[in-house]
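Structure below is query-v2.txt: compact mmCIF, C-alpha atoms.
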```txt
# COMPACT_ATOMS: atom_id res chain seq x y z
CA PRO O 1 9.19 3.39 -1.39
CA ALA O 2 9.22 2.86 2.35
CA GLY O 3 7.73 6.29 2.98
CA GLY O 4 4.57 4.86 4.53
CA ALA O 5 6.72 4.19 7.57
CA ALA O 6 6.19 7.80 8.61
CA LEU O 7 2.67 6.90 9.66
CA ALA O 8 3.72 4.07 11.95
CA PRO O 9 3.47 6.07 15.18
CA ALA O 10 -0.17 6.73 14.37
CA LEU O 11 -1.35 3.44 12.89
CA ALA O 12 0.42 0.94 15.12
CA PRO O 13 0.79 -2.14 12.90
CA PRO O 14 4.27 -3.58 13.41
CA PRO O 15 6.74 -0.82 14.32
CA ARG O 16 8.67 0.95 11.60
CA ALA O 17 11.40 3.53 11.92
CA THR O 18 10.70 7.16 11.12
CA PRO O 19 12.63 8.23 8.02
CA ALA O 20 14.92 11.25 8.08
CA GLY O 21 12.91 14.36 7.35
CA ALA O 22 9.63 12.96 8.68
CA ALA O 23 8.33 14.61 11.82
CA PRO O 24 5.54 12.80 13.66
CA ARG O 25 4.00 13.72 16.96
CA GLN O 26 3.07 10.73 19.11
CA ALA O 27 -0.65 10.12 18.78
CA SER O 28 -2.73 9.32 21.83
CA PRO O 29 -5.05 6.29 21.59
CA GLY O 30 -8.34 7.10 19.87
CA SER O 31 -7.16 10.44 18.51
CA THR O 32 -7.35 11.95 15.04
CA VAL O 33 -4.03 12.37 13.26
CA THR O 34 -3.65 14.97 10.52
CA VAL O 35 -0.91 14.51 7.92
CA GLY O 36 0.41 17.28 5.68
CA ALA O 37 0.92 15.85 2.19
CA GLU O 38 3.39 17.53 -0.16
CA GLU O 39 1.76 15.84 -3.16
CA PHE O 40 -1.94 15.12 -3.41
CA PRO O 41 -2.98 12.29 -5.74
CA PRO O 42 -5.56 13.03 -8.43
CA VAL O 43 -6.78 9.40 -8.17
CA LEU O 44 -6.40 6.63 -5.59
CA ASN O 45 -5.48 3.68 -7.82
CA ASN O 46 -1.72 3.50 -7.33
CA LEU O 47 -1.24 1.01 -10.18
CA THR O 48 -2.22 3.58 -12.81
CA PRO O 49 0.09 6.27 -14.20
CA GLU O 50 -2.11 9.00 -12.70
CA GLY O 51 -2.08 7.47 -9.25
CA ASN O 52 1.40 6.03 -9.11
CA GLY O 53 3.31 8.22 -6.70
CA GLN O 54 4.89 8.10 -3.27
CA TRP O 55 2.03 9.94 -1.62
CA THR O 56 -0.66 7.77 -3.22
CA GLY O 57 1.12 4.77 -1.76
CA MET O 58 1.44 6.41 1.65
CA ILE O 59 -2.26 7.33 1.68
CA VAL O 60 -3.72 4.10 0.30
CA GLY O 61 -1.04 1.78 1.69
CA PRO O 62 -2.56 1.42 5.20
CA ALA O 63 -5.81 0.21 3.59
CA LEU O 64 -4.33 -2.40 1.26
CA ALA O 65 -2.00 -5.01 2.73
CA ARG O 66 0.75 -6.43 0.54
CA GLY O 67 2.66 -9.68 0.55
CA TYR O 68 5.58 -7.99 2.29
CA LYS O 69 6.22 -4.76 4.12
CA LEU O 70 9.25 -3.04 2.65
CA MET O 71 11.00 -1.72 5.74
CA PRO O 72 13.01 1.52 5.93
CA ASN O 73 16.24 -0.52 5.88
CA PHE O 74 14.97 -2.18 2.67
CA SER O 75 14.44 -5.56 4.29
CA TYR O 76 11.26 -7.53 3.64
CA GLU O 77 8.85 -8.42 6.44
CA PRO O 78 6.09 -10.90 5.51
CA TRP O 79 2.68 -9.28 5.88
CA ILE O 80 0.01 -11.23 3.98
CA PHE O 81 2.56 -13.98 3.47
CA ASP O 82 3.12 -16.22 6.47
CA LYS O 83 6.84 -16.52 5.70
CA ASP O 84 9.35 -15.52 3.07
CA CYS O 85 8.49 -16.84 -0.39
CA ALA O 86 10.80 -19.70 -1.37
CA VAL O 87 12.73 -20.41 -4.55
CA THR O 88 11.80 -24.07 -5.08
CA THR O 89 13.40 -24.66 -8.48
CA ARG O 90 16.27 -22.91 -10.25
CA ASP O 91 15.46 -24.10 -13.77
CA PRO O 92 12.86 -23.00 -14.48
CA PHE O 93 13.12 -20.31 -11.81
CA THR O 94 10.13 -21.03 -9.57
CA VAL O 95 8.92 -19.21 -6.45
CA ASP O 96 6.27 -20.53 -4.04
CA CYS O 97 4.40 -18.17 -1.68
CA THR O 98 2.02 -19.02 1.17
CA ILE O 99 -0.62 -16.76 2.73
CA ARG O 100 -1.60 -16.32 6.36
CA PRO O 101 -4.85 -18.25 6.87
CA GLU O 102 -6.28 -15.39 8.98
CA ALA O 103 -5.83 -12.77 6.22
CA LYS O 104 -9.15 -11.39 5.02
CA TRP O 105 -10.83 -8.41 3.40
CA SER O 106 -12.78 -5.91 5.48
CA ASP O 107 -16.08 -7.49 4.35
CA GLY O 108 -14.98 -10.78 5.92
CA VAL O 109 -14.11 -12.58 2.68
CA PRO O 110 -10.80 -14.50 2.99
CA LEU O 111 -7.81 -13.03 1.16
CA THR O 112 -6.49 -15.93 -0.91
CA ALA O 113 -4.21 -16.94 -3.73
CA VAL O 114 -6.93 -16.15 -6.27
CA ASP O 115 -6.62 -12.47 -5.31
CA PHE O 116 -2.90 -12.56 -6.13
CA LYS O 117 -3.66 -14.34 -9.42
CA PHE O 118 -6.38 -11.79 -10.21
CA THR O 119 -3.93 -8.96 -9.49
CA TYR O 120 -1.34 -10.50 -11.80
CA ASP O 121 -3.94 -11.00 -14.56
CA THR O 122 -5.16 -7.41 -14.12
CA ILE O 123 -1.65 -6.00 -14.42
CA MET O 124 -0.88 -8.08 -17.51
CA ASN O 125 -4.19 -7.31 -19.27
CA PRO O 126 -3.22 -5.03 -22.20
CA ASP O 127 -6.55 -3.20 -21.90
CA ASN O 128 -5.57 -1.91 -18.46
CA ASN O 129 -3.54 1.28 -18.16
CA VAL O 130 -0.95 0.23 -15.58
CA VAL O 131 2.18 2.22 -14.85
CA SER O 132 4.52 -0.77 -15.18
CA ARG O 133 4.53 -4.49 -15.88
CA ASN O 134 8.21 -4.88 -15.06
CA GLY O 135 8.84 -8.22 -13.41
CA TYR O 136 5.31 -9.46 -13.86
CA ASP O 137 6.08 -9.81 -17.57
CA LYS O 138 8.85 -12.27 -16.67
CA ILE O 139 6.29 -14.73 -15.27
CA THR O 140 5.45 -17.54 -17.69
CA ALA O 141 3.03 -19.37 -15.38
CA PHE O 142 1.09 -18.26 -12.32
CA ASN O 143 -0.33 -21.30 -10.56
CA VAL O 144 -2.84 -21.30 -7.71
CA LEU O 145 -1.80 -24.30 -5.63
CA SER O 146 -4.43 -23.95 -2.91
CA PRO O 147 -6.49 -21.16 -1.31
CA ASN O 148 -3.39 -20.19 0.70
CA ALA O 149 -0.58 -20.92 -1.77
CA PHE O 150 0.51 -19.89 -5.25
CA GLN O 151 3.50 -20.40 -7.49
CA MET O 152 5.24 -18.10 -9.96
CA VAL O 153 7.37 -19.57 -12.76
CA PHE O 154 9.75 -17.09 -14.43
CA GLU O 155 11.31 -17.20 -17.86
CA GLU O 156 14.73 -16.59 -16.28
CA PRO O 157 16.21 -16.13 -12.79
CA PHE O 158 14.55 -13.08 -11.24
CA ALA O 159 16.21 -12.01 -7.99
CA PRO O 160 13.83 -9.13 -7.11
CA PHE O 161 10.71 -11.34 -7.04
CA ARG O 162 9.79 -10.02 -3.58
CA ASP O 163 9.39 -6.51 -5.00
CA LEU O 164 6.35 -7.66 -6.99
CA TRP O 165 4.42 -7.87 -3.71
CA ALA O 166 6.23 -5.31 -1.53
CA GLY O 167 6.30 -1.54 -1.06
CA THR O 168 3.65 1.09 -1.48
CA GLY O 169 3.91 1.00 -5.28
CA THR O 170 2.29 -2.44 -5.35
CA THR O 171 -1.01 -3.81 -4.11
CA VAL O 172 -3.21 -6.91 -3.97
CA LEU O 173 -6.66 -6.54 -5.53
CA PRO O 174 -9.89 -8.21 -4.29
CA ARG O 175 -11.19 -10.43 -7.08
CA HIS O 176 -14.67 -10.74 -5.56
CA ILE O 177 -15.03 -6.95 -5.64
CA LEU O 178 -13.28 -5.91 -8.87
CA GLU O 179 -13.82 -8.79 -11.28
CA GLY O 180 -15.70 -7.52 -14.34
CA THR O 181 -15.18 -3.83 -13.55
CA ASN O 182 -13.29 -1.20 -15.54
CA PHE O 183 -9.90 -1.21 -13.84
CA ASN O 184 -8.95 2.12 -15.42
CA LYS O 185 -11.77 3.90 -13.57
CA VAL O 186 -13.13 1.77 -10.74
CA TRP O 187 -10.78 2.87 -7.94
CA ASN O 188 -10.05 6.40 -9.10
CA ALA O 189 -12.36 8.10 -6.57
CA CYS O 190 -12.63 5.49 -3.82
CA ILE O 191 -11.14 2.25 -2.56
CA CYS O 192 -14.55 0.65 -2.27
CA ASP O 193 -17.04 -1.85 -3.57
CA PRO O 194 -18.29 -0.08 -6.74
CA LYS O 195 -21.79 -1.55 -6.22
CA THR O 196 -22.32 -0.45 -2.63
CA LYS O 197 -19.67 2.31 -2.33
CA GLU O 198 -18.68 0.77 0.99
CA PRO O 199 -14.93 1.00 1.69
CA ILE O 200 -12.97 -2.21 1.13
CA GLY O 201 -9.51 -3.05 2.35
CA SER O 202 -7.18 -5.61 3.84
CA GLY O 203 -4.97 -3.41 6.02
CA PRO O 204 -5.46 -1.71 9.39
CA MET O 205 -7.28 1.28 7.87
CA LEU O 206 -10.00 1.94 5.28
CA VAL O 207 -10.33 4.91 2.92
CA GLU O 208 -13.52 6.49 4.21
CA SER O 209 -13.58 9.49 1.85
CA PHE O 210 -11.56 11.23 -0.85
CA THR O 211 -12.00 14.80 -2.01
CA PRO O 212 -9.45 15.63 -4.75
CA ASP O 213 -7.13 18.52 -3.86
CA ARG O 214 -8.70 18.81 -0.40
CA GLU O 215 -8.73 15.76 1.86
CA VAL O 216 -8.46 12.00 2.25
CA THR O 217 -9.80 10.38 5.42
CA LEU O 218 -8.85 6.94 6.72
CA VAL O 219 -10.66 5.13 9.53
CA PRO O 220 -9.80 1.84 11.28
CA ASN O 221 -10.72 -1.43 9.62
CA PRO O 222 -12.75 -3.24 12.32
CA ASN O 223 -12.10 -6.59 10.63
CA TYR O 224 -8.34 -6.23 10.29
CA TRP O 225 -6.62 -9.53 11.01
CA GLY O 226 -3.41 -8.01 12.39
CA THR O 227 -2.58 -5.41 15.04
CA LYS O 228 -5.41 -2.89 15.21
CA ALA O 229 -4.86 0.79 14.49
CA SER O 230 -4.54 2.90 17.62
CA VAL O 231 -6.17 6.05 16.25
CA SER O 232 -9.77 6.82 15.36
CA LYS O 233 -9.01 8.69 12.14
CA VAL O 234 -6.15 9.79 9.88
CA VAL O 235 -6.76 12.83 7.68
CA PHE O 236 -4.44 13.81 4.82
CA VAL O 237 -4.53 17.45 3.73
CA PRO O 238 -2.46 19.11 1.00
CA VAL O 239 0.43 21.27 2.21
CA LEU O 240 2.43 21.61 -0.95
CA ASP O 241 5.47 23.57 0.21
CA SER O 242 8.16 22.51 2.70
CA ASN O 243 8.14 25.83 4.54
CA ALA O 244 4.34 25.74 4.74
CA GLU O 245 4.59 22.20 6.11
CA VAL O 246 6.89 23.28 8.92
CA ASN O 247 4.61 26.22 9.75
CA ALA O 248 1.55 23.95 9.77
CA PHE O 249 3.41 21.57 12.09
CA ARG O 250 4.43 24.46 14.36
CA THR O 251 0.87 25.74 14.69
CA GLY O 252 -0.59 22.27 15.25
CA GLU O 253 -2.56 22.31 12.00
CA VAL O 254 -0.93 18.98 11.13
CA ASP O 255 0.63 16.27 13.31
CA ILE O 256 2.90 14.59 10.76
CA ILE O 257 4.93 16.00 7.89
CA TYR O 258 7.21 14.30 5.41
CA PRO O 259 8.98 17.13 3.57
CA GLN O 260 11.66 16.77 0.95
CA ASN O 261 15.14 16.88 2.46
CA GLN O 262 16.86 20.24 2.19
CA ILE O 263 19.61 22.13 3.96
CA GLY O 264 18.52 23.40 7.36
CA LEU O 265 15.24 21.47 7.34
CA ARG O 266 15.96 19.37 10.43
CA LYS O 267 16.71 22.49 12.50
CA LYS O 268 13.44 24.06 11.37
CA ILE O 269 11.50 20.92 12.36
CA GLU O 270 13.25 20.65 15.71
CA ALA O 271 12.52 24.31 16.40
CA ALA O 272 8.89 23.84 15.42
CA ASP O 273 8.54 20.87 17.75
CA GLY O 274 9.99 22.79 20.64
```
Can I see the file as structure tokens?
Amino acid sequence: PAGGAALAPALAPPPRATPAGAAPRQASPGSTVTVGAEEFPPVLNNLTPEGNGQWTGMIVGPALARGYKLMPNFSYEPWIFDKDCAVTTRDPFTVDCTIRPEAKWSDGVPLTAVDFKFTYDTIMNPDNNVVSRNGYDKITAFNVLSPNAFQMVFEEPFAPFRDLWAGTGTTVLPRHILEGTNFNKVWNACICDPKTKEPIGSGPMLVESFTPDREVTLVPNPNYWGTKASVSKVVFVPVLDSNAEVNAFRTGEVDIIYPQNQIGLRKKIEAADG
């Protein structure tokens, strides 16, 4: 989903439109932004069945860059990739992708093709409880061509190849952090180095803390290689009812809401925002 776009006014990496139904207040530089979340994830790993949901993606998405940003108009904007991946051969159907040389993890380690290969291997490992292998299971060969380039060979033409690395339902995993760990548990309670518990990420924010059913806090990634976040903190709190969301927005308890569309909702939001 493109729902993470609702946070664009707060986070400031390349502009995204605000979806219908989302109601952000413009954040001032250095401020804390509080987001009312209609669904609160039980775990943070959005590749698992327990963590795979729109709100998990919206919460974790700013911390974990993807190959593409899936924009609200469903176009693809290269993010980690330096340009659109190219179909280089039709038979067999082959796609080559190249990575921005400046892309790196928050600990300073370069983000490279081996991280994409590790992510693919992790998803395809039958011991790992992933929500879906659709598309990845069409790949017959995943070739690392160089630190900044990889190639995917498919068993048949696969038009939605961009979706494998786009949208908040996908991610790219850090091999140097997660290799040898239990994927089914390692990122349930934090997006961090399991040895040091220090947050790890590749996007403009890092997941500083996670308290199930209560709060998730994101802080800026000081080593982000793109446009820096313009806020000092983003806090997600559960507000599990649309009417309660509007009331929380009206009272200033939260700055951004993303309620489910319903009749009369826009008028309520406009009235709440004065």
Check: From the list O:Ile200, O:Val33, O:Leu173, O:Val234, which residue is nearest O:Thr119 when using all atoms listed in the file?
Finding: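 Looking at the shortest contact to O:Thr119, the residue is O:Leu173.
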Next item on the list: Write out as a VMD selection string each polymer residue whose atoms come within 9 Å of O:Ala141, counting all atoms listed in the file; drop sequence neighbours fewer than 4 positions from it.
Entry: chain O and resid 151 to 155
Item checked: Using only C-alpha atoms: which of O:Phe81, O:Tyr224, O:Phe142, O:Phe40 has the shortest distance to O:Ala63 -> O:Tyr224
Checklist line | Contacts of stretch 166-172 of chain O within 8 Å, all atoms listed in the file, excl. fewer than 2 positions in-chain, as a list in words | finding: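 In the requested form, the answer reads Pro1, Ala2, Gly3, Gly4, Asn46, Leu47, Asn52, Gly53, Gln54, Gly57, Met58, Gly61, Leu64, Ala65, Arg66, Gly67, Tyr68, Lys69, Leu70, Tyr76, Asp115, Phe116, Thr119, Arg162, Asp163, Leu164 and Pro174 of chain O.
Taking atom CA of O:Ser132 and atom CA of O:Thr48 as endpoints, the distance between them is 8.4 Å.
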Check: Taking all atoms listed in the file into account, which of O:Ser75, O:Ser106, O:Asn184, O:Thr89 comes nearest O:Val207?
Finding: O:Ser106
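You can rank O:Thr112, O:Asn188, O:Asn128, O:Thr94 by their closest distance to O:Gly51 using only C-alpha atoms, and at the top of that list sits O:Asn188.
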Notebook entry, point to check: Do you have the atom CA of O:Asp82-atom CA of O:Asp137 distance handy?
Noted result: 25.1 Å
Next item on the list: Would you work out the distance separating atom CA of O:Thr140 from atom CA of O:Asp91, expressed in Å to one decimal?
Entry: 12.6 Å
Draw an axis-aligned box tight on the listed atoms of stretch 106-120 of chain O, then pad every side by 4 Å and write out centre and edge lengths in Å to one decimal as lines of an AutoDock Vina configuration file.
```
center_x = -8.7
center_y = -11.4
center_z = -2.9
size_x = 22.7
size_y = 19.0
size_z = 25.7
```
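Nearest to O:Cys192 of all the residues O:Pro78, O:Leu44, O:Ser242, O:Ser146 is O:Leu44, counting all atoms listed in the file.
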Next item on the list: Skip O:Phe161 itself and residues of its chain fewer than 3 positions away, then list as an MDAnalysis selection string all residues within 10 Å of it, counting all atoms listed in the file.
Entry: chainID O and resid 85 87 95 135:136 138:139 152 154 157:158 164:166
Only C-alpha atoms, please: the residues just picked out, written as a PDB file, keeping the file's coordinate frame.
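The result, written out as out.pdb:
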```
ATOM      1  CA  CYS O  85       8.490 -16.840  -0.390  1.00  0.00           C
ATOM      2  CA  VAL O  87      12.730 -20.410  -4.550  1.00  0.00           C
ATOM      3  CA  VAL O  95       8.920 -19.210  -6.450  1.00  0.00           C
ATOM      4  CA  GLY O 135       8.840  -8.220 -13.410  1.00  0.00           C
ATOM      5  CA  TYR O 136       5.310  -9.460 -13.860  1.00  0.00           C
ATOM      6  CA  LYS O 138       8.850 -12.270 -16.670  1.00  0.00           C
ATOM      7  CA  ILE O 139       6.290 -14.730 -15.270  1.00  0.00           C
ATOM      8  CA  MET O 152       5.240 -18.100  -9.960  1.00  0.00           C
ATOM      9  CA  PHE O 154       9.750 -17.090 -14.430  1.00  0.00           C
ATOM     10  CA  PRO O 157      16.210 -16.130 -12.790  1.00  0.00           C
ATOM     11  CA  PHE O 158      14.550 -13.080 -11.240  1.00  0.00           C
ATOM     12  CA  LEU O 164       6.350  -7.660  -6.990  1.00  0.00           C
ATOM     13  CA  TRP O 165       4.420  -7.870  -3.710  1.00  0.00           C
ATOM     14  CA  ALA O 166       6.230  -5.310  -1.530  1.00  0.00           C
TER      15      ALA O 166
END
```
Check: Smallest atom-to-atom distance to O:Pro199: which of O:Trp105, O:Val131, O:Val254, O:Lys228, using only C-alpha atoms?
Finding: O:Trp105
